[in-house]
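Peer 1: Quick one: structure below, then a few questions.
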Amino acid sequence: MSRHFDAIIIGTGQAGPSLAARFAAAGMTVGVIERHKFGGTCVNTGCIPTKTLVASAYAAHVARRGAEYGFAVNGDVRVDMKRVKARKDEVSGRSNRGVEEWLRGVKNCTVIQGHARFQSSHTVVVNDEVLHADKIFINVGGRASVPAMPGIQDVPFLTNSSMMDVDFLPEHLVIVGGSYIGLEFGQMYHRFGSKVTIVEMGPRLIGREDEDVSEAVRQILGAEGIQIRLNAKCISLAKHDGLIAVGLGCDEGPPEVLGTHVLLAVGRIPNTHDLGLDRAGVATDQRGYIVVDEQLQTNVPGIWALRDFNGRGAFTHTSYSVHEIVADNLLNGDHRRVSDRIQTYALFTDPPLGRCGMTDAEIRKSGRGALVTKLPMSRVSRAVEKGETQGFIKISVDAETKHILGAAILGTGGDEVVHVLLDIMYAKAPYTVVQRAMHIHPTVAEFLPTVLSKLEPLA
Ligand SMILES: Cc1cc2nc3c(=O)[nH]c(=O)nc-3n(C[C@H](O)[C@H](O)[C@H](O)COP(=O)(O)OP(=O)(O)OC[C@H]3O[C@@H](n4cnc5c(N)ncnc54)[C@H](O)[C@@H]3O)c2cc1C
């Protein structure tokens with residue numbers, strides 16, 4: 001059996017479904033293939049469920065601080081993990097069903113469930129059926145990396161996917177990996193009531209950020225009672241009297257920590273190994289990522305890979321935005337490129353970290369003259385009123401053009417407020433536009449003009 005489509009899309013992550021809808025609306029026939037859960041990582045095991053869990057953890061945290069706000073909670077604040085998980089399942093499930101129902105209802109779009117493998121550059125096989133298309137779009141995303149560390153075969157471990165099934169409170173959760181995913185799970189489970197140890201190989205948490213950001217996040221998490229072990233150069237796993245011993249250091253600090261559960265949060269790898277890419281002749285890099293140009297085209301004409309490739313980790317918004325780039329280029333004759341975008345993302349701890357543009361380290365490396373300003377959140381009226389004064393606002397600007405080069409807003413509302421700066425960057429307007437703007441009182445954003453009036457040369 002064989003079918004022909006104008007376009008085939010493999011995977012229903014953040015780019016595939018919206019691209020399918022755009023193509024179908026333009027009159028193209030589209031075959032969309034999904035092997036597992038509709039909506040991919042973000043919907044089922046990533047952003048949506050984790051941010052729903054973060055919300056439960058935040059509510060518990062605020063309840064424990066009741067006395068500070070002038071209310072009493074009758075007894076200890078205890079988290080019912082079954083109900084926390086049920087809430088998460090409801091929110092995530094609604095989104096998963098929404099993607100599937102939406103796709104199935106799109107005219108000209110055929111949804112096929114199964115694992116897709118290339119047979120040639122224009123054919124894909126799913127459930128023994130051959131599908132043919134002139135244009136094929138790969139949106140297969142990635143999964144948690146499980147490195148071959150000593151003992152990994154001998155102990156049970158969790159990943160972001162299996163964490164979604166946890167409906168109990170781990171007594172002591174040891175998280176291997178002190179980056180974005182590890183920190184979000186760490187703070188969340190500590191607030192649920194687990195003892196949490198975060199183990200990081202590098203000298204600091206979220207090592208891609210500037211040192212002052214890493215250090216502030218470490219202090220915030222440490223002050224909550226989360227154990228953090230940095231420079232854990234010799235990580236290994238072993239069974240130990242019903243517990244899991246996580247080996248840490250070879251030359252400094254306690255050699256191991258004993259936990260009841262281990263979560264691996266040490267990076268992601270692409271789902272490209274079982275796609276038959278060799279049969280289509282599609283090139284990948286050493287890490288298995290499909291090589292694409294600025295417009296997401298692979299080395300094989302007629303095959304695009306909807307992936308993030310700017311070296312700063314994949315996010316839902318970066319994946320969603322590549323569908324816009326591809327659709328506008330193919331349907332509207334546009335010339336959009338991935339590098340037109342400005343890097344932006346958030347760490348959804350409490351307080352969150354909103355980031356846009358370059359870090360200070362990247363600015364220094366670029367060699368351009370820059371000014372920087374940094375003020376603590378304790379000076380932000382809204383943060384004081386909310387009793388959430390941790391963190392700071394840091395903004396860097398080009399000394400010559402006055403354009404904003406980058407910002408880190410670690411503080412309440414930081415994940416939202418950073419968009420004020422991001423949009424000015426997209427507008428290619430000088431920072432003085434924000435500095436002279438009148439913002440609403442009392443908000444975190446109203447402090448940006450004040451921050452920007454204290455620029456000094458970047459050391
Ligand atoms: C714990 C966690 C938290 C996160 N939080 C955030 C956040 O807060 N904000 C944010 O922006 N990003 C977040 N991310 C990242 C975000 O989830 C991903 O960047 C995003 O989902 C990637 O989307 P994608 O479209 O590239 O692929 P995916 O969402 O991974 O989708 C790929 C789809 O392809 C399917 N597929 C794969 N191979 C085949 C095949 N051969 N045949 C058929 N189907 C196939 C898969 O089943 C999957 O459904 C988080 C990630 C994790 C793990």
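Just remember, in the structure tokens the first chain shown is A, the second B, etc., residues are 1-based per chain, and ligands are 1-based in the order shown.
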Using only C-alpha atoms, determine which residues lie at most 12 Å from Val155 in chain A, disregarding the query and same-chain residues fewer than 5 positions distant; provide the list as JSON, numbers by chain.
Peer 2: {"A": [149, 150, 236, 237, 238, 239, 240, 242, 243, 244, 245, 246, 259, 260, 261, 262, 263, 264]}
Peer 1: Can you list every residue of chain A that has an atom at most 7 Å from ligand 1, with its nearest atom pair and the distance in Å to one decimal, using only C-alpha atoms and all ligand atoms, ordered by chain then number, as a tab-separated table?
Peer 2:
```
residue	atom	partner	partner_atom_place_in_ligand_line	distance
A:Ile10	CA	ligand 1	43 (C)	5.2
A:Gly11	CA	ligand 1	34 (O)	3.3
A:Thr12	CA	ligand 1	33 (C)	4.8
A:Gly13	CA	ligand 1	31 (O)	3.2
A:Gln14	CA	ligand 1	25 (O)	3.8
A:Ala15	CA	ligand 1	25 (O)	5.0
A:Gly16	CA	ligand 1	25 (O)	6.7
A:Ile33	CA	ligand 1	43 (C)	5.1
A:Glu34	CA	ligand 1	44 (N)	3.9
A:Arg35	CA	ligand 1	44 (N)	4.1
A:His36	CA	ligand 1	47 (O)	4.4
A:Lys37	CA	ligand 1	49 (O)	5.3
A:Phe38	CA	ligand 1	49 (O)	5.5
A:Gly39	CA	ligand 1	49 (O)	5.6
A:Gly40	CA	ligand 1	49 (O)	3.2
A:Thr41	CA	ligand 1	29 (O)	3.7
A:Cys42	CA	ligand 1	17 (O)	3.5
A:Thr45	CA	ligand 1	1 (C)	6.0
A:Gly46	CA	ligand 1	2 (C)	3.5
A:Cys47	CA	ligand 1	5 (N)	3.4
A:Thr50	CA	ligand 1	3 (C)	6.0
A:Lys51	CA	ligand 1	8 (O)	6.6
A:Gly114	CA	ligand 1	43 (C)	5.9
A:His115	CA	ligand 1	42 (N)	3.8
A:Ala116	CA	ligand 1	42 (N)	3.8
A:Arg117	CA	ligand 1	41 (N)	5.8
A:Asn139	CA	ligand 1	32 (C)	5.5
A:Val140	CA	ligand 1	34 (O)	3.5
A:Gly141	CA	ligand 1	27 (O)	3.2
A:Gly142	CA	ligand 1	30 (O)	4.9
A:Arg143	CA	ligand 1	30 (O)	6.9
A:Ala144	CA	ligand 1	53 (C)	6.9
A:Asn160	CA	ligand 1	1 (C)	5.0
A:Ile181	CA	ligand 1	1 (C)	5.3
A:Asn271	CA	ligand 1	38 (N)	5.5
A:Asp274	CA	ligand 1	41 (N)	6.4
A:Leu275	CA	ligand 1	41 (N)	5.1
A:Leu306	CA	ligand 1	26 (O)	6.8
A:Arg307	CA	ligand 1	26 (O)	5.5
A:Ala314	CA	ligand 1	19 (O)	4.2
A:Phe315	CA	ligand 1	19 (O)	3.3
A:Thr316	CA	ligand 1	11 (O)	3.7
A:His317	CA	ligand 1	11 (O)	5.2
A:Ser319	CA	ligand 1	25 (O)	5.1
A:Tyr320	CA	ligand 1	25 (O)	6.9
A:Tyr345	CA	ligand 1	11 (O)	6.6
A:Ala346	CA	ligand 1	9 (N)	7.0
A:Phe348	CA	ligand 1	8 (O)	6.5
```
Peer 1: Hey, which of A:Gln219, A:Ser162, A:Ser92, A:Asn74 ends up closest to Ala265 in chain A? Count only C-alpha atoms.
Peer 2: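 Among A:Gln219, A:Ser162, A:Ser92, A:Asn74, it is A:Ser162 that comes nearest to Ala265 in chain A.
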Peer 1: Which residue, A:Asp167, A:Asp154, A:Glu324, A:Glu100, has the smallest gap to Arg87 in chain A when you use only C-alpha atoms?
Peer 2: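 Selected residue with least distance to Arg87 in chain A: A:Asp167.
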Peer 1: From the DSSP assignment of the backbone, select every residue of range 133-321 of chain A that is strand (DSSP E or B), and format the answer as a compact mmCIF listing (two decimals) with all heavy atoms, in the first residue's frame.
Peer 2:
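So states34.txt came out as:
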```txt
# COMPACT_ATOMS: atom_id res chain seq x y z
N ALA A 133 6.18 11.81 -0.55
CA ALA A 133 5.94 13.27 -0.62
C ALA A 133 7.14 13.96 -1.24
O ALA A 133 8.28 13.49 -1.10
CB ALA A 133 5.68 13.84 0.77
N ASP A 134 6.88 15.07 -1.90
CA ASP A 134 7.98 15.86 -2.45
C ASP A 134 8.73 16.60 -1.35
O ASP A 134 9.91 16.89 -1.45
CB ASP A 134 7.44 16.89 -3.46
CG ASP A 134 6.78 16.19 -4.64
OD1 ASP A 134 7.17 15.05 -4.93
OD2 ASP A 134 5.86 16.79 -5.24
N LYS A 135 7.96 16.93 -0.31
CA LYS A 135 8.56 17.68 0.80
C LYS A 135 8.36 16.90 2.10
O LYS A 135 7.22 16.53 2.42
CB LYS A 135 7.90 19.06 0.95
CG LYS A 135 8.13 19.99 -0.24
CD LYS A 135 7.49 21.35 0.05
CE LYS A 135 7.79 22.35 -1.05
NZ LYS A 135 7.20 22.01 -2.35
N ILE A 136 9.43 16.69 2.83
CA ILE A 136 9.33 15.97 4.11
C ILE A 136 9.97 16.82 5.21
O ILE A 136 11.06 17.37 5.04
CB ILE A 136 10.01 14.58 4.04
CG1 ILE A 136 9.32 13.75 2.94
CG2 ILE A 136 9.93 13.86 5.39
CD1 ILE A 136 9.89 12.35 2.75
N PHE A 137 9.26 16.92 6.34
CA PHE A 137 9.70 17.78 7.46
C PHE A 137 9.88 16.90 8.70
O PHE A 137 8.95 16.21 9.10
CB PHE A 137 8.66 18.88 7.71
CG PHE A 137 8.46 19.74 6.50
CD1 PHE A 137 7.56 19.35 5.50
CD2 PHE A 137 9.18 20.90 6.32
CE1 PHE A 137 7.40 20.12 4.36
CE2 PHE A 137 9.02 21.67 5.18
CZ PHE A 137 8.13 21.28 4.19
N ILE A 138 11.06 16.98 9.27
CA ILE A 138 11.38 16.12 10.43
C ILE A 138 11.28 16.95 11.70
O ILE A 138 11.99 17.94 11.87
CB ILE A 138 12.82 15.57 10.29
CG1 ILE A 138 12.98 14.85 8.95
CG2 ILE A 138 13.15 14.66 11.45
CD1 ILE A 138 14.44 14.53 8.62
N GLY A 142 13.75 15.26 20.96
CA GLY A 142 14.83 14.54 21.63
C GLY A 142 14.34 13.86 22.89
O GLY A 142 13.16 13.87 23.22
N ARG A 143 15.28 13.25 23.58
CA ARG A 143 14.97 12.55 24.83
C ARG A 143 16.12 12.75 25.81
O ARG A 143 17.19 13.23 25.42
CB ARG A 143 14.74 11.06 24.56
CG ARG A 143 15.96 10.37 23.99
CD ARG A 143 15.61 8.96 23.48
NE ARG A 143 16.79 8.23 23.05
CZ ARG A 143 17.41 8.43 21.89
NH1 ARG A 143 16.98 9.33 21.05
NH2 ARG A 143 18.49 7.73 21.57
N ALA A 144 15.87 12.32 27.06
CA ALA A 144 16.90 12.51 28.09
C ALA A 144 18.13 11.68 27.76
O ALA A 144 18.02 10.52 27.37
CB ALA A 144 16.33 12.10 29.44
N LEU A 158 15.60 7.74 37.40
CA LEU A 158 14.49 8.47 36.79
C LEU A 158 15.01 9.44 35.75
O LEU A 158 16.15 9.89 35.83
CB LEU A 158 13.73 9.25 37.88
CG LEU A 158 13.01 8.41 38.93
CD1 LEU A 158 12.86 9.19 40.24
CD2 LEU A 158 11.64 7.97 38.42
N HIS A 172 14.65 10.96 49.65
CA HIS A 172 15.84 11.76 49.33
C HIS A 172 16.11 11.61 47.83
O HIS A 172 16.57 10.57 47.37
CB HIS A 172 17.04 11.29 50.14
CG HIS A 172 18.27 12.11 49.90
ND1 HIS A 172 19.47 11.89 50.55
CD2 HIS A 172 18.51 13.17 49.07
CE1 HIS A 172 20.38 12.77 50.13
NE2 HIS A 172 19.81 13.55 49.23
N LEU A 173 15.81 12.67 47.09
CA LEU A 173 16.00 12.67 45.64
C LEU A 173 17.37 13.26 45.33
O LEU A 173 17.64 14.42 45.66
CB LEU A 173 14.89 13.50 44.98
CG LEU A 173 14.93 13.62 43.45
CD1 LEU A 173 14.73 12.25 42.78
CD2 LEU A 173 13.86 14.60 42.97
N VAL A 174 18.21 12.46 44.70
CA VAL A 174 19.51 12.96 44.26
C VAL A 174 19.39 13.26 42.77
O VAL A 174 19.01 12.39 41.99
CB VAL A 174 20.64 11.94 44.51
CG1 VAL A 174 21.98 12.51 44.06
CG2 VAL A 174 20.69 11.55 45.98
N ILE A 175 19.67 14.49 42.41
CA ILE A 175 19.54 14.90 41.00
C ILE A 175 20.94 15.07 40.42
O ILE A 175 21.73 15.88 40.91
CB ILE A 175 18.74 16.21 40.88
CG1 ILE A 175 17.33 16.00 41.46
CG2 ILE A 175 18.66 16.67 39.43
CD1 ILE A 175 16.46 17.23 41.47
N VAL A 176 21.22 14.30 39.40
CA VAL A 176 22.52 14.43 38.73
C VAL A 176 22.32 15.42 37.59
O VAL A 176 21.58 15.16 36.64
CB VAL A 176 23.01 13.07 38.20
CG1 VAL A 176 24.37 13.24 37.52
CG2 VAL A 176 23.10 12.05 39.33
N LYS A 195 13.90 15.45 50.72
CA LYS A 195 15.27 15.95 50.85
C LYS A 195 15.84 15.91 49.44
O LYS A 195 15.62 14.93 48.71
CB LYS A 195 16.07 15.06 51.80
CG LYS A 195 17.47 15.54 52.02
CD LYS A 195 18.22 14.69 53.02
CE LYS A 195 19.65 15.22 53.10
NZ LYS A 195 20.53 14.35 53.87
N VAL A 196 16.55 16.95 49.03
CA VAL A 196 17.07 17.01 47.66
C VAL A 196 18.56 17.35 47.66
O VAL A 196 18.99 18.28 48.35
CB VAL A 196 16.30 18.06 46.81
CG1 VAL A 196 16.98 18.28 45.46
CG2 VAL A 196 14.84 17.63 46.61
N THR A 197 19.30 16.57 46.90
CA THR A 197 20.72 16.89 46.66
C THR A 197 20.91 17.04 45.16
O THR A 197 20.52 16.16 44.40
CB THR A 197 21.65 15.78 47.19
OG1 THR A 197 21.40 15.60 48.59
CG2 THR A 197 23.11 16.15 46.98
N ILE A 198 21.48 18.15 44.77
CA ILE A 198 21.80 18.37 43.35
C ILE A 198 23.30 18.20 43.17
O ILE A 198 24.10 18.83 43.88
CB ILE A 198 21.34 19.77 42.88
CG1 ILE A 198 19.81 19.87 42.97
CG2 ILE A 198 21.81 20.03 41.44
CD1 ILE A 198 19.25 21.25 42.66
N VAL A 199 23.65 17.33 42.23
CA VAL A 199 25.05 17.00 41.99
C VAL A 199 25.46 17.54 40.63
O VAL A 199 24.84 17.19 39.62
CB VAL A 199 25.22 15.46 42.02
CG1 VAL A 199 26.64 15.08 41.64
CG2 VAL A 199 24.84 14.90 43.38
N GLN A 227 20.61 20.65 49.14
CA GLN A 227 22.05 20.38 49.18
C GLN A 227 22.59 20.47 47.77
O GLN A 227 22.00 19.91 46.84
CB GLN A 227 22.31 18.97 49.73
CG GLN A 227 21.77 18.73 51.12
CD GLN A 227 22.46 19.59 52.16
OE1 GLN A 227 23.69 19.67 52.17
NE2 GLN A 227 21.68 20.25 53.01
N ILE A 228 23.70 21.17 47.62
CA ILE A 228 24.27 21.31 46.27
C ILE A 228 25.73 20.91 46.31
O ILE A 228 26.50 21.41 47.13
CB ILE A 228 24.13 22.76 45.77
CG1 ILE A 228 22.63 23.10 45.62
CG2 ILE A 228 24.86 22.94 44.43
CD1 ILE A 228 22.33 24.55 45.43
N ARG A 229 26.07 19.97 45.46
CA ARG A 229 27.46 19.54 45.39
C ARG A 229 28.01 19.86 44.00
O ARG A 229 27.56 19.30 43.01
CB ARG A 229 27.55 18.03 45.67
CG ARG A 229 28.93 17.46 45.49
CD ARG A 229 29.93 18.03 46.50
NE ARG A 229 31.27 17.64 46.13
CZ ARG A 229 31.87 16.54 46.55
NH1 ARG A 229 31.24 15.74 47.39
NH2 ARG A 229 33.07 16.24 46.15
N SER A 236 29.22 8.30 39.91
CA SER A 236 28.96 6.87 39.68
C SER A 236 27.74 6.49 40.50
O SER A 236 27.32 7.23 41.41
CB SER A 236 30.17 6.04 40.12
OG SER A 236 30.37 6.22 41.52
N LEU A 237 27.14 5.36 40.18
CA LEU A 237 25.93 4.91 40.88
C LEU A 237 26.15 3.49 41.38
O LEU A 237 26.78 2.67 40.70
CB LEU A 237 24.73 4.93 39.93
CG LEU A 237 24.41 6.26 39.25
CD1 LEU A 237 23.35 6.08 38.17
CD2 LEU A 237 23.93 7.28 40.28
N ALA A 238 25.62 3.20 42.58
CA ALA A 238 25.74 1.82 43.10
C ALA A 238 24.63 1.58 44.10
O ALA A 238 24.12 2.52 44.73
CB ALA A 238 27.10 1.64 43.78
N LYS A 239 24.23 0.30 44.24
CA LYS A 239 23.25 -0.05 45.27
C LYS A 239 23.93 -0.05 46.63
O LYS A 239 25.10 -0.45 46.75
CB LYS A 239 22.70 -1.44 44.98
CG LYS A 239 21.65 -1.45 43.90
CD LYS A 239 21.00 -2.81 43.82
CE LYS A 239 19.96 -2.77 42.72
NZ LYS A 239 19.74 -4.07 42.11
N HIS A 240 23.18 0.35 47.67
CA HIS A 240 23.79 0.41 48.99
C HIS A 240 22.69 0.23 50.04
O HIS A 240 21.97 1.18 50.34
CB HIS A 240 24.51 1.75 49.18
CG HIS A 240 25.23 1.88 50.48
ND1 HIS A 240 26.60 1.75 50.57
CD2 HIS A 240 24.78 2.10 51.73
CE1 HIS A 240 26.95 1.91 51.83
NE2 HIS A 240 25.86 2.12 52.56
N LEU A 243 19.43 1.62 49.35
CA LEU A 243 19.52 3.01 48.86
C LEU A 243 20.38 3.04 47.60
O LEU A 243 20.90 2.02 47.15
CB LEU A 243 20.14 3.90 49.94
CG LEU A 243 19.38 3.99 51.26
CD1 LEU A 243 20.20 4.76 52.29
CD2 LEU A 243 18.03 4.67 51.06
N ILE A 244 20.53 4.23 47.05
CA ILE A 244 21.42 4.39 45.90
C ILE A 244 22.56 5.31 46.31
O ILE A 244 22.33 6.42 46.80
CB ILE A 244 20.67 4.99 44.70
CG1 ILE A 244 19.49 4.08 44.32
CG2 ILE A 244 21.62 5.15 43.50
CD1 ILE A 244 18.52 4.72 43.35
N ALA A 245 23.76 4.79 46.15
CA ALA A 245 24.94 5.61 46.47
C ALA A 245 25.39 6.31 45.20
O ALA A 245 25.67 5.67 44.19
CB ALA A 245 26.06 4.72 47.00
N VAL A 246 25.40 7.63 45.27
CA VAL A 246 25.87 8.40 44.11
C VAL A 246 27.28 8.88 44.43
O VAL A 246 27.48 9.69 45.33
CB VAL A 246 24.93 9.60 43.82
CG1 VAL A 246 25.43 10.37 42.60
CG2 VAL A 246 23.50 9.13 43.62
N GLY A 247 28.24 8.31 43.70
CA GLY A 247 29.64 8.71 43.89
C GLY A 247 29.82 10.12 43.35
O GLY A 247 29.28 10.46 42.30
N GLU A 256 30.59 10.38 48.53
CA GLU A 256 29.32 9.93 47.98
C GLU A 256 28.15 10.47 48.78
O GLU A 256 28.29 10.96 49.91
CB GLU A 256 29.24 8.41 47.94
CG GLU A 256 29.25 7.75 49.30
CD GLU A 256 29.11 6.23 49.21
OE1 GLU A 256 29.48 5.65 48.17
OE2 GLU A 256 28.63 5.64 50.20
N VAL A 257 26.95 10.40 48.18
CA VAL A 257 25.73 10.76 48.88
C VAL A 257 24.77 9.59 48.68
O VAL A 257 24.73 8.98 47.62
CB VAL A 257 25.15 12.10 48.35
CG1 VAL A 257 24.85 12.03 46.86
CG2 VAL A 257 23.90 12.51 49.09
N LEU A 258 24.00 9.29 49.74
CA LEU A 258 23.05 8.18 49.67
C LEU A 258 21.65 8.74 49.48
O LEU A 258 21.19 9.57 50.26
CB LEU A 258 23.08 7.36 50.96
CG LEU A 258 24.36 6.56 51.24
CD1 LEU A 258 24.26 5.87 52.60
CD2 LEU A 258 24.60 5.53 50.14
N GLY A 259 20.97 8.27 48.46
CA GLY A 259 19.61 8.75 48.21
C GLY A 259 18.65 7.59 48.04
O GLY A 259 19.07 6.44 47.85
N HIS A 261 16.18 7.90 45.63
CA HIS A 261 15.88 7.96 44.20
C HIS A 261 16.90 8.85 43.51
O HIS A 261 17.40 9.81 44.11
CB HIS A 261 14.47 8.51 43.96
CG HIS A 261 13.40 7.64 44.53
ND1 HIS A 261 13.06 7.65 45.86
CD2 HIS A 261 12.61 6.70 43.94
CE1 HIS A 261 12.12 6.76 46.09
NE2 HIS A 261 11.82 6.17 44.93
N VAL A 262 17.15 8.53 42.24
CA VAL A 262 18.09 9.34 41.46
C VAL A 262 17.40 9.80 40.18
O VAL A 262 16.77 9.00 39.49
CB VAL A 262 19.35 8.51 41.09
CG1 VAL A 262 20.21 9.27 40.09
CG2 VAL A 262 20.15 8.19 42.33
N LEU A 263 17.52 11.09 39.92
CA LEU A 263 17.01 11.66 38.66
C LEU A 263 18.21 12.08 37.81
O LEU A 263 19.06 12.84 38.28
CB LEU A 263 16.12 12.87 38.96
CG LEU A 263 15.81 13.80 37.78
CD1 LEU A 263 15.01 13.08 36.69
CD2 LEU A 263 15.03 15.03 38.27
N LEU A 264 18.24 11.60 36.59
CA LEU A 264 19.30 12.04 35.67
C LEU A 264 18.79 13.22 34.87
O LEU A 264 17.80 13.12 34.15
CB LEU A 264 19.68 10.91 34.71
CG LEU A 264 20.35 9.67 35.29
CD1 LEU A 264 20.79 8.75 34.16
CD2 LEU A 264 21.55 10.04 36.16
N ARG A 268 20.13 16.38 26.73
CA ARG A 268 19.17 15.76 25.82
C ARG A 268 19.91 15.24 24.60
O ARG A 268 20.95 15.78 24.22
CB ARG A 268 18.13 16.79 25.37
CG ARG A 268 17.53 17.62 26.49
CD ARG A 268 16.37 16.98 27.17
NE ARG A 268 15.27 16.65 26.28
CZ ARG A 268 14.31 15.78 26.60
NH1 ARG A 268 14.33 15.16 27.76
NH2 ARG A 268 13.33 15.52 25.75
N ILE A 269 19.36 14.21 23.99
CA ILE A 269 19.92 13.73 22.72
C ILE A 269 18.80 13.63 21.68
O ILE A 269 17.64 13.38 22.03
CB ILE A 269 20.65 12.37 22.85
CG1 ILE A 269 19.76 11.34 23.56
CG2 ILE A 269 21.95 12.50 23.56
CD1 ILE A 269 20.34 9.95 23.51
N PRO A 270 19.14 13.85 20.41
CA PRO A 270 18.09 13.89 19.38
C PRO A 270 17.56 12.50 19.01
O PRO A 270 18.31 11.52 19.06
CB PRO A 270 18.82 14.52 18.19
CG PRO A 270 20.25 14.19 18.39
CD PRO A 270 20.48 14.12 19.87
N THR A 284 24.02 14.13 9.55
CA THR A 284 23.92 14.54 10.96
C THR A 284 25.31 14.94 11.44
O THR A 284 26.31 14.58 10.82
CB THR A 284 23.40 13.39 11.84
OG1 THR A 284 24.23 12.25 11.65
CG2 THR A 284 21.97 13.02 11.51
N ILE A 290 20.58 16.67 13.11
CA ILE A 290 20.53 16.84 11.67
C ILE A 290 21.12 18.20 11.30
O ILE A 290 20.78 19.22 11.91
CB ILE A 290 19.07 16.73 11.16
CG1 ILE A 290 18.54 15.31 11.44
CG2 ILE A 290 18.99 17.05 9.68
CD1 ILE A 290 17.07 15.13 11.16
N GLN A 297 16.80 23.76 5.98
CA GLN A 297 16.90 22.74 4.94
C GLN A 297 18.08 21.83 5.24
O GLN A 297 19.14 22.31 5.63
CB GLN A 297 17.11 23.39 3.57
CG GLN A 297 15.95 24.27 3.16
CD GLN A 297 16.20 24.93 1.82
OE1 GLN A 297 15.80 24.42 0.78
NE2 GLN A 297 16.88 26.05 1.85
N ILE A 303 13.98 17.95 1.97
CA ILE A 303 13.86 17.50 3.37
C ILE A 303 14.32 18.63 4.30
O ILE A 303 15.42 19.17 4.15
CB ILE A 303 14.69 16.23 3.66
CG1 ILE A 303 14.25 15.09 2.73
CG2 ILE A 303 14.52 15.81 5.12
CD1 ILE A 303 15.00 13.79 2.96
N TRP A 304 13.44 18.99 5.23
CA TRP A 304 13.74 20.02 6.22
C TRP A 304 13.77 19.37 7.61
O TRP A 304 13.05 18.38 7.85
CB TRP A 304 12.65 21.09 6.24
CG TRP A 304 12.64 22.05 5.10
CD1 TRP A 304 13.07 23.33 5.10
CD2 TRP A 304 12.15 21.80 3.76
NE1 TRP A 304 12.89 23.91 3.86
CE2 TRP A 304 12.33 22.99 3.02
CE3 TRP A 304 11.61 20.69 3.11
CZ2 TRP A 304 11.96 23.11 1.68
CZ3 TRP A 304 11.25 20.80 1.78
CH2 TRP A 304 11.43 21.99 1.07
N ALA A 305 14.56 19.90 8.50
CA ALA A 305 14.55 19.43 9.89
C ALA A 305 14.13 20.59 10.77
O ALA A 305 14.80 21.64 10.80
CB ALA A 305 15.92 18.90 10.29
```
